[in-house]
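So this block is data.cif, mmCIF, C-alpha atoms:
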data_my_file
#
loop_
_atom_site.label_atom_id
_atom_site.label_comp_id
_atom_site.auth_asym_id
_atom_site.auth_seq_id
_atom_site.Cartn_x
_atom_site.Cartn_y
_atom_site.Cartn_z
CA MET P 1434 109.49 137.37 99.41
CA THR P 1435 112.25 139.56 98.04
CA PRO P 1436 114.92 138.00 95.81
CA ALA P 1437 117.27 138.21 98.80
CA GLY P 1438 114.72 136.38 100.93
CA GLN P 1439 114.35 133.68 98.28
CA LEU P 1440 118.13 133.31 98.18
CA ALA P 1441 118.33 132.98 101.97
CA ALA P 1442 115.64 130.28 101.88
CA ALA P 1443 117.50 128.50 99.07
CA ILE P 1444 120.69 128.50 101.15
CA ASP P 1445 118.82 126.99 104.10
CA LEU P 1446 117.10 124.35 101.96
CA LEU P 1447 120.31 123.37 100.18
CA ALA P 1448 122.11 123.12 103.53
CA ALA P 1449 119.38 120.77 104.77
CA ILE P 1450 119.67 118.60 101.65
CA GLU P 1451 123.48 118.48 101.85
CA ALA P 1452 123.33 117.43 105.51
CA ASP P 1453 120.58 114.79 105.16
CA GLY P 1454 120.68 111.45 103.39
CA ARG P 1455 117.01 111.46 102.49
CA PRO P 1456 115.72 112.36 98.99
CA ALA P 1457 115.75 116.08 98.26
CA ASP P 1458 112.04 116.25 97.41
CA ALA P 1459 111.11 114.80 100.82
CA ILE P 1460 113.36 117.33 102.57
CA ALA P 1461 111.93 120.16 100.47
CA ASN P 1462 108.35 119.12 101.26
CA HIS P 1463 109.10 119.20 104.99
CA PHE P 1464 111.02 122.49 104.61
CA PHE P 1465 108.07 124.25 103.00
CA ARG P 1466 105.45 122.67 105.29
CA THR P 1467 107.22 124.16 108.28
CA ARG P 1468 107.44 127.57 106.57
CA ARG P 1469 103.86 128.30 105.59
CA PHE P 1470 104.74 131.94 105.02
CA ILE P 1471 106.54 130.94 101.81
CA GLY P 1472 103.89 131.19 99.08
CA GLY P 1473 103.56 129.08 95.94
CA GLY P 1474 105.48 131.44 93.66
CA ASP P 1475 108.29 131.79 96.17
CA ARG P 1476 108.44 128.01 96.65
CA ARG P 1477 108.93 127.58 92.91
CA ALA P 1478 111.63 130.24 92.85
CA VAL P 1479 113.50 128.70 95.79
CA SER P 1480 113.17 125.20 94.33
CA THR P 1481 114.45 126.39 90.96
CA LEU P 1482 117.59 127.80 92.60
CA VAL P 1483 118.23 124.64 94.61
CA TRP P 1484 117.49 122.13 91.86
CA GLY P 1485 119.75 124.10 89.53
CA VAL P 1486 122.60 123.42 91.95
CA LEU P 1487 121.66 119.74 92.33
CA ARG P 1488 121.76 119.25 88.55
CA ALA P 1489 125.26 120.72 88.37
CA ARG P 1490 126.52 119.55 91.76
CA ARG P 1491 129.64 117.72 90.55
CA HIS P 1492 130.61 120.55 88.19
CA LEU P 1493 130.24 123.16 90.91
CA GLY P 1494 132.09 121.02 93.43
CA TRP P 1495 134.94 120.53 90.96
CA TRP P 1496 135.32 124.29 90.54
CA LEU P 1497 135.28 124.88 94.29
CA ASP P 1498 138.03 122.29 94.68
CA TYR P 1499 139.89 124.02 91.85
CA CYS P 1500 139.79 127.25 93.89
CA HIS P 1501 140.48 125.47 97.20
CA ALA P 1502 137.19 126.90 98.43
CA PRO P 1503 134.75 125.26 100.89
CA GLN P 1504 131.77 123.32 99.54
CA SER P 1505 129.23 125.56 101.24
CA PRO P 1506 125.63 126.05 100.09
CA ARG P 1507 126.35 129.77 99.73
CA MET P 1508 129.23 129.20 97.35
CA LEU P 1509 127.37 126.54 95.37
CA LEU P 1510 124.51 128.97 94.75
CA CYS P 1511 126.95 131.77 93.96
CA LEU P 1512 128.76 129.68 91.35
CA GLN P 1513 125.50 128.51 89.84
CA ALA P 1514 124.45 132.15 89.42
CA LEU P 1515 127.86 133.04 88.00
CA PHE P 1516 127.77 130.29 85.38
CA MET P 1517 124.21 131.29 84.51
CA GLY P 1518 125.53 134.70 83.46
CA GLN P 1519 125.34 136.94 86.53
CA THR P 1520 128.31 139.15 87.32
CA PRO P 1521 130.16 139.01 90.67
CA ASN P 1522 128.79 142.47 91.51
CA LYS P 1523 125.19 141.47 90.83
CA ILE P 1524 125.61 138.31 92.91
CA ALA P 1525 127.10 140.33 95.77
CA MET P 1526 124.11 142.68 95.72
CA ALA P 1527 121.79 139.75 96.49
CA PHE P 1528 123.65 139.14 99.75
CA THR P 1529 122.10 142.11 101.50
CA SER P 1530 122.41 141.19 105.21
CA GLY P 1531 118.97 142.73 105.58
CA ARG P 1532 116.28 141.30 107.83
CA TYR P 1533 115.49 138.41 105.51
CA GLY P 1534 118.55 138.30 103.27
CA PRO P 1535 121.79 136.33 103.59
CA SER P 1536 124.83 137.94 105.16
CA PRO P 1537 127.25 139.78 102.81
CA LEU P 1538 129.84 137.84 100.89
CA THR P 1539 133.14 137.45 102.67
CA PRO P 1540 136.37 138.62 101.00
CA GLU P 1541 137.21 134.94 100.39
CA GLU P 1542 133.86 134.27 98.69
CA THR P 1543 134.22 137.39 96.58
CA ALA P 1544 137.73 136.34 95.54
CA VAL P 1545 136.41 132.98 94.26
CA LEU P 1546 133.79 134.72 92.14
CA GLU P 1547 136.37 137.11 90.72
CA GLN P 1548 138.76 134.23 90.00
CA LEU P 1549 136.09 132.36 88.04
CA SER P 1550 134.33 135.34 86.46
CA THR P 1551 135.68 134.54 82.98
CA ARG P 1552 135.13 130.80 83.21
CA THR P 1553 132.26 128.64 82.00
CA LEU P 1554 130.72 125.64 83.73
CA GLU P 1555 132.64 123.14 81.61
CA HIS P 1556 136.42 122.64 81.70
CA PRO P 1557 138.47 120.27 79.51
CA ASN P 1558 140.24 118.80 82.55
CA MET P 1559 137.04 117.63 84.21
CA PRO P 1560 136.85 113.83 84.55
CA GLU P 1561 134.02 112.18 82.62
CA PRO P 1562 131.95 111.34 85.72
CA VAL P 1563 131.99 115.04 86.61
CA LYS P 1564 131.01 116.04 83.06
CA PHE P 1565 128.18 113.51 83.13
CA GLU P 1566 127.13 114.34 86.73
CA ILE P 1567 127.31 110.68 87.79
CA PRO P 1568 129.18 108.69 90.48
CA ASP P 1569 132.65 107.54 89.41
CA TRP P 1570 131.91 103.85 89.98
CA ILE P 1571 128.89 103.78 87.67
CA LEU P 1572 130.64 105.13 84.56
CA PRO P 1573 131.85 101.71 83.26
CA LYS P 1574 128.36 100.27 83.63
CA LEU P 1575 126.71 103.10 81.72
CA ARG P 1576 129.42 103.09 79.05
CA SER P 1577 128.85 99.37 78.55
CA GLN P 1578 125.13 100.07 78.18
CA PHE P 1579 125.22 103.09 75.87
CA GLY P 1580 128.63 103.03 74.17
CA PRO P 1581 129.16 106.04 71.86
CA THR P 1582 125.78 107.55 72.74
CA LEU P 1583 126.63 107.86 76.45
CA SER P 1584 127.38 111.58 76.31
CA ASP P 1585 124.06 112.39 74.62
CA GLU P 1586 122.13 110.14 77.00
CA MET P 1587 123.67 111.75 80.07
CA ALA P 1588 123.03 115.24 78.69
CA ALA P 1589 119.35 114.36 78.26
CA MET P 1590 119.29 112.89 81.75
CA ASN P 1591 120.40 116.24 83.17
CA GLU P 1592 117.58 118.21 81.56
CA THR P 1593 114.41 119.19 83.39
CA ALA P 1594 111.68 116.60 82.88
CA PRO P 1595 108.32 117.70 81.44
CA LEU P 1596 105.10 117.17 83.36
CA ASP P 1597 103.27 114.13 82.02
CA LEU P 1598 99.67 113.29 82.78
CA ARG P 1599 97.62 110.16 82.21
CA VAL P 1600 94.04 110.63 81.10
CA ASN P 1601 91.62 108.58 83.18
CA LEU P 1602 89.48 106.93 80.53
CA LEU P 1603 86.99 105.90 83.22
CA LYS P 1604 85.96 109.55 83.35
CA ALA P 1605 87.06 111.31 80.15
CA THR P 1606 88.53 110.90 76.69
CA ARG P 1607 91.92 112.40 75.91
CA GLU P 1608 90.22 115.19 73.92
CA GLU P 1609 87.88 115.98 76.83
CA ALA P 1610 90.82 116.10 79.23
CA ILE P 1611 92.75 118.46 76.92
CA ALA P 1612 89.73 120.75 76.82
CA ALA P 1613 89.29 120.64 80.60
CA LEU P 1614 92.95 121.56 81.14
CA ALA P 1615 92.67 124.35 78.55
CA ARG P 1616 89.87 125.91 80.60
CA GLU P 1617 92.41 126.12 83.43
CA GLY P 1618 94.94 127.82 81.16
CA LEU P 1619 97.04 124.67 80.72
CA ARG P 1620 98.15 123.65 77.23
CA ALA P 1621 98.51 119.88 77.03
CA GLU P 1622 99.59 117.86 74.00
CA PRO P 1623 99.25 114.11 73.35
CA THR P 1624 102.33 112.06 74.18
CA THR P 1625 104.16 110.15 71.44
CA TYR P 1626 103.79 106.57 72.65
CA SER P 1627 101.14 106.29 75.33
CA PRO P 1628 97.55 106.54 74.02
CA TRP P 1629 96.58 107.77 77.48
CA GLY P 1630 99.25 110.43 77.89
CA LEU P 1631 99.34 114.21 77.86
CA ARG P 1632 102.40 116.42 78.24
CA LEU P 1633 102.83 119.92 79.64
CA GLN P 1634 106.24 121.30 78.70
CA ASN P 1635 106.59 123.44 81.80
CA ARG P 1636 106.37 122.29 85.39
CA GLN P 1637 103.05 123.66 86.58
CA SER P 1638 100.81 123.06 89.55
CA ILE P 1639 97.74 121.11 88.48
CA THR P 1640 96.68 119.36 91.69
CA SER P 1641 94.38 122.19 92.77
CA GLY P 1642 92.65 122.34 89.40
CA LYS P 1643 89.24 120.89 88.58
CA ALA P 1644 90.55 118.36 86.02
CA PHE P 1645 92.83 116.77 88.61
CA GLN P 1646 90.46 117.05 91.56
CA GLU P 1647 87.66 115.37 89.62
CA GLY P 1648 89.93 112.52 88.54
CA LEU P 1649 90.11 113.26 84.83
CA VAL P 1650 93.93 113.18 84.89
CA GLU P 1651 96.67 111.70 87.05
CA ILE P 1652 100.32 112.74 87.18
CA GLN P 1653 102.36 109.92 85.64
CA ASP P 1654 105.44 109.88 83.40
CA GLU P 1655 104.76 108.53 79.93
CA GLY P 1656 107.29 105.76 80.50
CA SER P 1657 105.43 104.60 83.59
CA GLN P 1658 102.22 104.54 81.56
CA LEU P 1659 103.91 102.29 79.01
CA ILE P 1660 104.80 99.81 81.75
CA ALA P 1661 101.12 99.60 82.68
CA LEU P 1662 100.25 99.12 79.01
CA ALA P 1663 102.82 96.31 78.70
CA VAL P 1664 100.95 94.38 81.40
CA GLY P 1665 98.20 93.80 78.85
CA ALA P 1666 95.48 93.46 81.48
CA GLN P 1667 92.00 92.93 80.04
CA PRO P 1668 88.55 93.31 81.57
CA GLY P 1669 87.69 90.33 83.76
CA MET P 1670 91.28 89.31 84.54
CA ARG P 1671 92.83 88.86 87.98
CA VAL P 1672 95.94 91.05 88.27
CA ALA P 1673 98.51 91.57 91.03
CA ASP P 1674 100.59 94.74 91.18
CA TYR P 1675 103.21 93.23 93.45
CA CYS P 1676 105.27 96.38 94.23
CA ALA P 1677 102.44 98.87 93.94
CA GLY P 1678 103.71 101.70 96.15
CA ALA P 1679 101.10 104.45 96.13
CA GLY P 1680 99.24 102.81 93.26
CA GLY P 1681 100.17 104.81 90.16
CA LYS P 1682 100.36 101.77 87.88
CA THR P 1683 97.47 100.11 89.73
CA LEU P 1684 95.28 103.03 88.68
CA ALA P 1685 96.36 102.75 85.05
CA ILE P 1686 95.89 98.98 84.97
CA ALA P 1687 92.43 99.20 86.58
CA MET P 1688 91.46 101.78 83.97
CA GLY P 1689 92.59 99.46 81.18
CA MET P 1690 90.46 96.72 82.74
CA GLU P 1691 87.45 99.08 82.57
CA ASN P 1692 86.83 98.46 86.28
CA LYS P 1693 86.01 94.81 85.46
CA GLY P 1694 87.86 91.91 87.05
CA HIS P 1695 90.05 92.18 90.12
CA ILE P 1696 93.37 93.87 90.84
CA VAL P 1697 95.36 93.60 94.07
CA ALA P 1698 97.88 96.32 94.94
CA CYS P 1699 100.60 94.80 97.14
CA ASP P 1700 103.46 96.48 98.94
CA VAL P 1701 105.64 96.14 102.04
CA SER P 1702 104.92 99.75 103.06
CA GLU P 1703 101.63 100.50 104.77
CA PRO P 1704 101.98 104.31 104.39
CA ARG P 1705 102.47 103.92 100.63
CA LEU P 1706 99.43 101.71 100.32
CA GLU P 1707 97.39 104.09 102.48
CA GLY P 1708 98.37 106.86 100.07
CA ALA P 1709 96.64 104.95 97.29
CA ILE P 1710 93.18 105.15 98.89
CA LYS P 1711 92.47 108.77 97.97
CA ARG P 1712 93.84 108.28 94.46
CA LEU P 1713 91.64 105.24 93.82
CA ARG P 1714 88.54 107.07 95.01
CA ARG P 1715 89.30 110.16 92.95
CA ALA P 1716 89.82 108.03 89.85
CA GLY P 1717 86.56 106.12 90.34
CA VAL P 1718 88.35 102.76 90.57
CA HIS P 1719 86.33 100.09 92.39
CA ASN P 1720 87.86 96.79 91.23
CA ALA P 1721 91.06 97.17 93.28
CA GLU P 1722 92.01 96.11 96.79
CA ARG P 1723 95.22 96.58 98.80
CA HIS P 1724 97.33 93.98 100.53
CA LEU P 1725 100.23 94.67 102.90
CA LEU P 1726 103.05 92.15 102.49
CA GLU P 1727 104.47 91.42 105.92
CA PRO P 1728 107.10 88.99 107.26
CA GLY P 1729 105.53 85.56 107.68
CA ASP P 1730 102.60 86.52 105.45
CA LYS P 1731 100.92 83.47 103.90
CA TRP P 1732 99.04 85.47 101.26
CA VAL P 1733 101.33 84.48 98.37
CA LYS P 1734 100.96 80.80 99.26
CA ARG P 1735 97.17 81.09 99.50
CA GLN P 1736 96.97 82.96 96.18
CA SER P 1737 99.36 80.64 94.34
CA ALA P 1738 98.71 80.33 90.56
CA ARG P 1739 95.54 82.47 90.69
CA PHE P 1740 96.52 85.53 88.67
CA ASP P 1741 96.44 86.14 84.92
CA ARG P 1742 98.98 88.95 85.17
CA VAL P 1743 101.53 89.83 87.84
CA LEU P 1744 103.48 93.07 87.60
CA VAL P 1745 106.79 93.33 89.44
CA ASP P 1746 107.81 96.98 89.23
CA ALA P 1747 110.85 96.21 91.34
CA PRO P 1748 112.62 98.53 93.78
CA CYS P 1749 115.78 99.67 92.01
CA THR P 1750 118.50 102.31 91.85
CA GLY P 1751 116.16 104.73 90.09
CA THR P 1752 118.88 105.74 87.63
CA GLY P 1753 116.19 106.27 85.00
CA THR P 1754 114.58 109.02 87.09
CA TRP P 1755 117.64 111.22 87.55
CA ARG P 1756 115.98 114.03 85.57
CA ARG P 1757 113.46 114.34 88.40
CA ASN P 1758 115.76 113.35 91.25
CA PRO P 1759 119.23 114.74 90.47
CA ASP P 1760 120.31 114.47 94.10
CA ALA P 1761 119.93 110.68 93.92
CA ARG P 1762 123.11 110.51 91.84
CA THR P 1763 125.27 111.65 94.73
CA ARG P 1764 123.65 109.22 97.18
CA LEU P 1765 123.82 106.03 95.11
CA THR P 1766 126.58 103.57 96.05
CA GLU P 1767 127.83 100.22 94.77
CA THR P 1768 126.55 98.68 97.99
CA ASP P 1769 123.05 99.97 97.21
CA LEU P 1770 123.16 98.27 93.81
CA ALA P 1771 124.40 94.98 95.27
CA GLU P 1772 121.65 94.95 97.91
CA LEU P 1773 118.95 95.86 95.39
CA THR P 1774 119.82 93.10 92.94
CA VAL P 1775 119.48 90.53 95.73
CA LYS P 1776 116.12 92.02 96.71
CA GLN P 1777 114.90 92.03 93.10
CA ALA P 1778 115.74 88.35 92.68
CA ASP P 1779 113.90 87.47 95.87
CA ILE P 1780 110.82 89.46 94.82
CA LEU P 1781 110.75 87.75 91.43
CA ASP P 1782 110.98 84.34 93.07
CA GLN P 1783 108.02 85.14 95.30
CA ALA P 1784 105.85 86.93 92.73
CA GLN P 1785 106.15 84.20 90.09
CA LYS P 1786 104.25 81.85 92.40
CA LEU P 1787 101.13 83.96 91.85
CA VAL P 1788 101.06 83.46 88.06
CA LYS P 1789 98.59 80.87 86.80
CA PRO P 1790 99.56 78.43 84.00
CA GLY P 1791 99.49 80.40 80.75
CA GLY P 1792 99.59 83.69 82.66
CA LYS P 1793 102.25 86.36 82.43
CA LEU P 1794 104.80 87.94 84.75
CA ILE P 1795 105.89 91.45 83.82
CA TYR P 1796 109.24 92.59 85.23
CA ALA P 1797 110.01 96.31 85.20
CA THR P 1798 112.43 98.83 86.70
CA CYS P 1799 113.14 102.53 86.37
CA SER P 1800 116.84 101.70 86.04
CA LEU P 1801 119.33 102.10 83.20
CA LEU P 1802 121.66 99.38 84.51
CA ASN P 1803 122.06 95.93 82.99
CA ASP P 1804 122.60 94.47 86.49
CA GLU P 1805 118.99 95.24 87.37
CA ASN P 1806 117.49 94.56 83.94
CA GLU P 1807 118.79 92.02 81.40
CA ALA P 1808 121.13 90.30 83.86
CA GLN P 1809 118.37 89.99 86.46
CA LEU P 1810 116.01 88.63 83.84
CA GLU P 1811 118.52 86.07 82.53
CA ALA P 1812 119.25 84.82 86.04
CA PHE P 1813 115.53 84.40 86.79
CA LEU P 1814 114.87 82.49 83.56
CA SER P 1815 117.83 80.19 84.20
CA ARG P 1816 116.47 79.12 87.60
CA THR P 1817 112.76 79.18 86.66
CA PRO P 1818 112.37 77.14 83.45
CA ALA P 1819 108.57 77.29 83.58
CA PHE P 1820 108.79 80.85 82.22
CA LYS P 1821 109.79 82.03 78.74
CA GLN P 1822 110.27 85.58 77.55
CA VAL P 1823 107.73 86.69 74.95
CA PRO P 1824 107.51 89.83 72.77
CA LEU P 1825 105.68 92.90 73.97
CA GLU P 1826 102.12 93.30 72.73
CA ALA P 1827 101.74 96.93 73.82
CA PRO P 1828 102.21 99.81 73.49
CA GLU P 1829 101.41 99.67 69.78
CA ALA P 1830 104.31 101.91 68.72
CA LEU P 1831 106.82 99.67 70.52
CA ALA P 1832 105.07 96.29 70.18
CA GLY P 1833 107.01 93.29 68.91
CA ALA P 1834 110.20 94.10 70.76
CA LEU P 1835 111.49 91.52 73.19
CA THR P 1836 112.17 94.15 75.86
CA LEU P 1837 110.99 97.68 76.50
CA ARG P 1838 113.94 99.99 77.14
CA LEU P 1839 113.17 103.69 77.37
CA THR P 1840 115.54 106.64 77.82
CA PRO P 1841 115.06 110.42 77.97
CA LYS P 1842 117.27 110.92 74.91
CA VAL P 1843 115.55 108.43 72.61
CA HIS P 1844 111.96 108.47 73.85
CA GLY P 1845 111.60 111.67 75.90
CA THR P 1846 110.45 109.63 78.92
CA ASP P 1847 112.16 108.65 82.15
CA GLY P 1848 114.44 105.63 81.84
CA PHE P 1849 112.51 102.36 82.11
CA PHE P 1850 112.98 98.68 81.38
CA ALA P 1851 110.31 96.02 81.04
CA ALA P 1852 109.98 92.44 79.82
CA VAL P 1853 107.07 90.01 79.65
CA LEU P 1854 107.51 86.41 80.78
CA ALA P 1855 104.86 83.79 80.01
CA ARG P 1856 104.33 80.78 82.23
CA ASP P 1857 103.95 77.43 80.53
CA PRO P 1858 100.29 76.36 80.14
#
Would you write the structure of this file as structure tokens?
Amino acid sequence: MTPAGQLAAAIDLLAAIEADGRPADAIANHFFRTRRFIGGGDRRAVSTLVWGVLRARRHLGWWLDYCHAPQSPRMLLCLQALFMGQTPNKIAMAFTSGRYGPSPLTPEETAVLEQLSTRTLEHPNMPEPVKFEIPDWILPKLRSQFGPTLSDEMAAMNETAPLDLRVNLLKATREEAIAALAREGLRAEPTTYSPWGLRLQNRQSITSGKAFQEGLVEIQDEGSQLIALAVGAQPGMRVADYCAGAGGKTLAIAMGMENKGHIVACDVSEPRLEGAIKRLRRAGVHNAERHLLEPGDKWVKRQSARFDRVLVDAPCTGTGTWRRNPDARTRLTETDLAELTVKQADILDQAQKLVKPGGKLIYATCSLLNDENEAQLEAFLSRTPAFKQVPLEAPEALAGALTLRLTPKVHGTDGFFAAVLARDP
């Protein structure tokens, strides 16, 4: 595709994202599946343009309001290019009106670019939620959490996340995986905290490579790996991954168990659980089974007090993953948070029934918010006196802490929270 063709595709994709309430990555996947003529390099170029806008969406919207201009995908992409250093003339040249290019800029669009040609993305009059690229209502909650470090934390949250991999120790050592990736031209370095982790600084496609296809590595953020480590599952244990999704943490836990013992991946979504099948096979995991949690299901009652470890990686606001999902910031509402905290409490109350005397319940989220983390934990402990919070045993670099709280700024991972609760013997 020509640059003009890439720009036209970016306008179409951004328009689809702006008009749809679903996550941007799901919309993008559908967009590219229905346009097979867009090759891998062009997909990356189009995605880079669109995700650049999503990361600066509140800034760009503020400037368009400042100019009394419409919030159109065309103008959002134009402003993003302008603030990235392109001149109004160069931007106008990309709007070619050719066969595959976008139509020429209108006089009104050109006037906006000229008006802002000497400006930068930041402006002293911008409200803090705009500067931080967050919803207005969430600012007090994040300020309470981070205090004077809020600005630095939000700046880190708006950076592009690296690509983290987890080495599958069932098939290779970390050194062997590094060598296998190097043969594919990929330079991977060990992560700071996870003994299983590798990091590629640039977003690259690895899923078609031999190392991934043969199950030597799995895509997984280092923070997510640390949650699996915090479970402390040992060979021979019975483990339940109660909100398993597509099985990312199930895979890591099964690996730590050396394929010995039994792990059950539970979820309320059949498609997500079905997605785990291929991953389990590729990884060589054979001590795991799946269970679909359905209304009226008696499985929890039948399995009461039978598990050594139960992981509740609860559904949450996902505020810790905003580096990867910048569009989620504009979709999150106070109502969402209120509904999620009720759901989290209900899940905890159900999952705790599975823990045997002396066993452990691990509660985790990918949220930065106290409402979903410490407050949720305190409420559970107050109504379930059979459990007590105990210090983390793993990962080694963070062991001994009472809770695991990770942020992009401090740890270079996605934002995560975890705590370990032991049931009375």
Stretch 1737-1769 of chain P residues near stretch 1453-1474 of chain P within 8 Å, closest pair each, using only C-alpha atoms, as CSV:
residue,atom,partner,partner_atom,distance
P:Asn1758,CA,P:Ala1457,CA,7.5
P:Asp1760,CA,P:Ala1457,CA,6.4
P:Ala1761,CA,P:Pro1456,CA,6.8
P:Arg1764,CA,P:Gly1454,CA,7.2
Please tabulate, as JSON lines, the residues of stretch 1775-1839 of chain P that come within 7 Å of stretch 1657-1668 of chain P, each with its closest pair of atoms and the distance in Å to one decimal, counting all atoms listed in the file and ordering rows by chain, then residue number upward.
{"residue": "P:Ile1795", "atom": "CA", "partner": "P:Val1664", "partner_atom": "CA", "distance": 6.2}
{"residue": "P:Leu1825", "atom": "CA", "partner": "P:Ala1663", "partner_atom": "CA", "distance": 6.5}
{"residue": "P:Glu1826", "atom": "CA", "partner": "P:Ala1663", "partner_atom": "CA", "distance": 6.7}
{"residue": "P:Ala1827", "atom": "CA", "partner": "P:Ala1663", "partner_atom": "CA", "distance": 5.0}
{"residue": "P:Pro1828", "atom": "CA", "partner": "P:Leu1662", "partner_atom": "CA", "distance": 5.9}
key: Coordinates-based distance that separates atom CA of P:Gln1783 from atom CA of P:Gly1678 (Å, one decimal)   =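 Atom CA of P:Gly1678 sits 17.1 Å away from atom CA of P:Gln1783.
Each of P:Gly1656, P:Pro1704, P:Gly1518, P:Gly1729 was compared to P:Ala1594 using all atoms listed in the file, and P:Gly1656 turns out to be the nearest.
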ask   = Expressed in Å to a single decimal, how great is the separation between atom CA of P:Gly1534 and atom CA of P:Arg1507?
value =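 If I compute the distance from atom CA of P:Gly1534 to atom CA of P:Arg1507, I get 12.1 Å.
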inquiry  = My list of candidates is P:Arg1620, P:Arg1636, P:Arg1488, P:Arg1756. Which is closest to P:Thr1840 when distances are computed with all atoms listed in the file?
reply    =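 Closest residue, counting all atoms listed in the file: P:Arg1756.
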key: Residues in the PyMOL selection byres ((chain P and resi 1568-1575) around 7), expressed as a PyMOL selection string   = chain P and resi 1562+1567+1576-1579+1762-1763+1802
P:Glu1647 environment, 10 Å, only C-alpha atoms, sequence neighbours closer than 6 positions dropped, as a PDB file with C-alpha atoms, in the frame of the given file:
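Saved to selection_15.pdb:
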ATOM      1  CA  LYS P1604      85.960 109.550  83.350  1.00  0.00           C
ATOM      2  CA  ARG P1714      88.540 107.070  95.010  1.00  0.00           C
ATOM      3  CA  ARG P1715      89.300 110.160  92.950  1.00  0.00           C
ATOM      4  CA  ALA P1716      89.820 108.030  89.850  1.00  0.00           C
ATOM      5  CA  GLY P1717      86.560 106.120  90.340  1.00  0.00           C
TER       6      GLY P1717
END
query = Care to translate the PyMOL selection byres ((chain P and resi 1537) around 9) into actual residues of this file, as a PyMOL selection string?
reply = chain P and resi 1525-1530+1534-1536+1538-1539
Go ahead and write the residues just picked, C-alpha atoms, as a PDB file, keeping the file's coordinate frame.
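Written output follows (again31.pdb):
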ATOM      1  CA  ALA P1525     127.100 140.330  95.770  1.00  0.00           C
ATOM      2  CA  MET P1526     124.110 142.680  95.720  1.00  0.00           C
ATOM      3  CA  ALA P1527     121.790 139.750  96.490  1.00  0.00           C
ATOM      4  CA  PHE P1528     123.650 139.140  99.750  1.00  0.00           C
ATOM      5  CA  THR P1529     122.100 142.110 101.500  1.00  0.00           C
ATOM      6  CA  SER P1530     122.410 141.190 105.210  1.00  0.00           C
ATOM      7  CA  GLY P1534     118.550 138.300 103.270  1.00  0.00           C
ATOM      8  CA  PRO P1535     121.790 136.330 103.590  1.00  0.00           C
ATOM      9  CA  SER P1536     124.830 137.940 105.160  1.00  0.00           C
ATOM     10  CA  LEU P1538     129.840 137.840 100.890  1.00  0.00           C
ATOM     11  CA  THR P1539     133.140 137.450 102.670  1.00  0.00           C
TER      12      THR P1539
END
query = Quick one: distance from atom CA of P:Leu1614 to atom CA of P:Leu1684 in Å, one decimal?
reply = 20.1 Å
query = Evaluating the PyMOL selection byres ((chain P and resi 1841-1851) around 6) on the displayed file yields which residues, as a PyMOL selection string?
reply = chain P and resi 1586+1589+1655-1656+1753-1754+1796-1800+1836-1840+1852
request  = Considering all atoms listed in the file, return as an MDAnalysis selection string whatever protein or nucleic-acid residues lie within 8 Å of P:Ala1441, sequence-local ones (same chain, fewer than 3 positions apart) excluded.
outcome  = chainID P and resid 1437:1438 1444:1445 1533:1535
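The smallest atom-to-atom distance between P:Arg1742 and any of P:Lys1776, P:Arg1705, P:Arg1490, P:Arg1856, using only C-alpha atoms, is found for P:Arg1856.
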inquiry  = Using only C-alpha atoms, list the residues that have an atom at most 10 Å from (100.8, 80.9, 85.0), coordinates as in the file, as a PyMOL selection string.
reply    = chain P and resi 1737-1743+1785-1794+1819-1820+1854-1858
Would you export the selected residues with C-alpha atoms as a CSV table (one decimal), in the frame of the given file, please?
chain,number,residue,atom,x,y,z
P,1737,SER,CA,99.4,80.6,94.3
P,1738,ALA,CA,98.7,80.3,90.6
P,1739,ARG,CA,95.5,82.5,90.7
P,1740,PHE,CA,96.5,85.5,88.7
P,1741,ASP,CA,96.4,86.1,84.9
P,1742,ARG,CA,99.0,89.0,85.2
P,1743,VAL,CA,101.5,89.8,87.8
P,1785,GLN,CA,106.2,84.2,90.1
P,1786,LYS,CA,104.2,81.8,92.4
P,1787,LEU,CA,101.1,84.0,91.8
P,1788,VAL,CA,101.1,83.5,88.1
P,1789,LYS,CA,98.6,80.9,86.8
P,1790,PRO,CA,99.6,78.4,84.0
P,1791,GLY,CA,99.5,80.4,80.8
P,1792,GLY,CA,99.6,83.7,82.7
P,1793,LYS,CA,102.2,86.4,82.4
P,1794,LEU,CA,104.8,87.9,84.8
P,1819,ALA,CA,108.6,77.3,83.6
P,1820,PHE,CA,108.8,80.8,82.2
P,1854,LEU,CA,107.5,86.4,80.8
P,1855,ALA,CA,104.9,83.8,80.0
P,1856,ARG,CA,104.3,80.8,82.2
P,1857,ASP,CA,104.0,77.4,80.5
P,1858,PRO,CA,100.3,76.4,80.1
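Closest approach to P:Leu1583 from the set P:Met1690, P:Ala1443, P:Leu1801, P:Met1517 is made by P:Leu1801, with distances taken over only C-alpha atoms.
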query = Which one of P:Cys1511, P:Ala1830, P:Ala1687, P:Val1733 sits closest to P:His1719 if you count only C-alpha atoms?
reply = P:Ala1687
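Restricting the calculation to only C-alpha atoms, the smallest distance between P:Ile1639 and any of P:Leu1619, P:Val1600, P:Cys1699, P:Thr1551 is found for P:Leu1619.
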So that all listed atoms of stretch 1712-1728 of chain P fit with 6 Å spare on each side, what axis-aligned box centre and edge lengths in Å, to one decimal, would you give as AutoDock Vina command-line options?
--center_x 96.7 --center_y 99.6 --center_z 98.6 --size_x 32.8 --size_y 33.2 --size_z 29.4
